[in-house]
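Asks: First, the structure itself, so that you have it in front of you.
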Amino acid sequence: MSISSVSPPATGRRTAWAEGLDELRAAARTEPGRLRVIGAVLALLVVVFGTVTAWQVTNRATAADDVVEHSQPLTADAASIYRSLADADTTAAAGFLAGRKESGTIRDRYAADLSTASALLVKAAANSGGSPAARAQIARLNSGLPRYTGLVETARANNRQGLPLGGAYLRYANEQMRTELLPAARALYDAETDRLTADYRAAGARPWLATGAGVVAIGALGWAQRRHYRRTNRVFNRGLVAATAASAVVLVWLVAGHTVARTGLTGSYEHGARSLRVLNEARIDALRARGDENLTLVARGAVLTGSGQDFYEAGFRSGMADLAGGGGHGDAGPGSRLGAALALADDEAGRRPVREALTGVRQWQERHGAARAADDKGDYERALAKVIGPEGSTGESFDRVAAGLQRALVHEQAEFRSAADAGRAALSGLAVGAAVLAAAGAVGAVLGIGRRLAEYR
């Protein structure tokens with residue numbers, strides 16, 4: 001009986017990956033092998049630090065540029081669209097009150113307001129980017145504006161012929177402005193303001209990932225130098241010292257640059273963007289009040305509130321309360337637009353035009369009271385002269401308010417631009433500098449370890 005031979009069980013062939021790991025483990029048991037691993041890790045950490053720093057700084061610099069070059073100008077344009085539409089409505093009512101005496105100045109102002117609004121809508125449409133909310137409001141404005149202008153022209157034509165139907169058409173036009181166009185313009189302004197806020201948030205976000213990577217890289221370099229000292233009694237390794245210095249420069253530059261940028265951008269928001277928003281709101285309130293004042297004389301009590309008050313007179317009082325606070329004299333109320341503008345202004349150059357606007361508001365309220373008293377007594381012509389007359393009229397006071405607010409806006413816009421430019425300038429060159437210094441640091445780490453390896457050859 002023969003005994004058959006039994007072959008040993010077949011074993012799977014080891015992969016190149018497993019063999020490589022074994023070789024790496026074997027090499028790591030020797031000092032040269034450990035040094036090679038340490039050098040590779042140090043170089044990798046420094047490169048990662050530089051890459052993350054360049055990436056995060058680039059994102060923040062881009063957001064800071066967007067604040068200055070895109071979102072804030074678009075917010076200002078959206079506010080100008082609202083102002084132009086509201087002023088066109090106010091001017092149309094003033095021209096209607098003047099009737100056949102309507103001056104060329106009033107017609108030119110109305111046409112200029114519409115031209116400005118149309119041009120800014122084209123610009124907004126080209127720069128709305130990926131904002132569906134902004135595009136939707138622009139579409140609403142573009143479709144509603146021709147209907148509004150058609151109603152105004154019909155009102156004018158009837159008014160020239162002395163037909164009372166003209167007043168009804170003007171009220172229809174004003175209703176469309178109030179319920180469709182101005183809400184759409186306000187929604188566009190809010191959408192652009194939200195974009196501005198998001199850009200501010202992105203620009204001011206702290207670079208925690210880059211900072212953490214820098215701390216880890218410098219910590220690892222410090223550990224490597226301490227290990228080098230303990231094994232050789234040599235205080236310095238030039239390559240590792242150079243890598244540490246380069247990494248430290250990047251980290252300090254990152255922290256300092258971002259701190260300065262954040263301070264500048266915060267200043268541009270607190271003393272620029274916030275002031276601009278309040279001043280734009282104040283200008284809107286003034287325009288709304290002026291439009292309601294004109295329409296009070298156009299409607300002659302034909303439109304009432306639920307409580308039986310004149311609708312437009314109630315609107316005028318509400319607008320003036322929002323603008324300057326309750327009462328018809330004294331300082332601006334703490335919760336009013338002008339009160340907030342005075343509180344936000346950080347120098348006398350910013351406060352002075354706001355005080356001038358407040359003086360104009362108080363004068364306007366006084367003259368409005370005289371006009372209402374004349375109208376209530378049945379003296380319509382006297383009331384009309386006090387509202388749209390060339391001298392001593394509420395229109396003159398309104399122009400004074402508008403001029404003061406415009407000067408304040410120009411000043412705060414300059415304040416915004418100065419602070420924002422200083423903030424974004426602090427990030428200039430940081431991304432490129434971080435990449436270059438990180439590359440130099442990685443080379444220094446490799447050369448430093450290489451010098452140590454040379455001692456084993």
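Chain labels A, B, ... are given in the sequence in which chains occur in the structure tokens; within each chain residues are numbered consecutively from 1, and ligands are likewise numbered from 1 in the order shown.
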Would you list the contacts of stretch 178-186 of chain A as number ranges by chain, taking every protein, DNA or RNA residue within 9 Å and counting only C-alpha atoms, but skipping same-chain residues closer than 2 positions in sequence?
Replies: A: 78-79, 81-82, 85-86, 136-138, 140-141, 144-145, 148, 173-176, 188-191
Asks: How would the residues just chosen look if you wrote them out with C-alpha atoms as a PDB file, in the first residue's frame?
Replies:
```pdb
ATOM      1  CA  ALA A  78     -31.066  99.406  -5.080  1.00  0.00           C
ATOM      2  CA  ALA A  79     -31.620 102.272  -2.625  1.00  0.00           C
ATOM      3  CA  ILE A  81     -33.896 102.761  -7.508  1.00  0.00           C
ATOM      4  CA  TYR A  82     -36.324 103.111  -4.610  1.00  0.00           C
ATOM      5  CA  LEU A  85     -39.283 105.762  -8.086  1.00  0.00           C
ATOM      6  CA  ALA A  86     -40.551 107.451  -4.932  1.00  0.00           C
ATOM      7  CA  ALA A 136     -37.628  88.290  -9.404  1.00  0.00           C
ATOM      8  CA  GLN A 137     -37.947  91.852  -8.079  1.00  0.00           C
ATOM      9  CA  ILE A 138     -36.166  93.307 -11.094  1.00  0.00           C
ATOM     10  CA  ARG A 140     -41.580  92.912 -11.322  1.00  0.00           C
ATOM     11  CA  LEU A 141     -40.207  96.426 -11.613  1.00  0.00           C
ATOM     12  CA  GLY A 144     -44.839  97.393 -13.667  1.00  0.00           C
ATOM     13  CA  LEU A 145     -43.016 100.596 -14.548  1.00  0.00           C
ATOM     14  CA  TYR A 148     -47.345 103.248 -13.934  1.00  0.00           C
ATOM     15  CA  ALA A 173     -50.888 105.390 -10.356  1.00  0.00           C
ATOM     16  CA  ASN A 174     -49.907 106.137  -6.766  1.00  0.00           C
ATOM     17  CA  GLU A 175     -51.655 102.979  -5.591  1.00  0.00           C
ATOM     18  CA  GLN A 176     -49.644 100.924  -8.079  1.00  0.00           C
ATOM     19  CA  LEU A 188     -34.589  94.265  -4.119  1.00  0.00           C
ATOM     20  CA  TYR A 189     -32.867  96.539  -1.594  1.00  0.00           C
ATOM     21  CA  ASP A 190     -33.327  93.921   1.140  1.00  0.00           C
ATOM     22  CA  ALA A 191     -31.937  91.169  -1.130  1.00  0.00           C
TER      23      ALA A 191
END
```
Asks: Which residues in stretch 150-209 of chain A does DSSP call alpha helix (DSSP H)? List them as number ranges by chain.
Replies: A: 150-160, 165-176, 182-204, 208-209
Asks: Which residues are near stretch 263-278 of chain A? Cut-off 10 Å, only C-alpha atoms, ignore same chain within fewer than 3 positions. Put them as a ChimeraX atom specification.
Replies: /A:64,67-68,72,75-76,79,189,193,196-197,200-201,203-204,257-260,281-284,336-347,350,408-426
Asks: Work out how far atom CA of A:Ser71 is from atom CA of A:Arg135, in Å to one decimal.
Replies: 14.7 Å
Asks: I'd like the interatomic distance between atom CA of A:Trp364 and atom CA of A:Ala187, to a tenth of an Å.
Replies: 29.2 Å
Asks: Counting only C-alpha atoms, which of A:Leu251, A:Leu151, A:Leu35, A:Ala125 gets nearest to A:Arg451?
Replies: A:Leu35
Asks: Just how far from atom CA of A:Ala198 is atom CA of A:Asn142, in Å to one decimal?
Replies: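 Straight-line distance from atom CA of A:Asn142 to atom CA of A:Ala198 works out to 26.6 Å.
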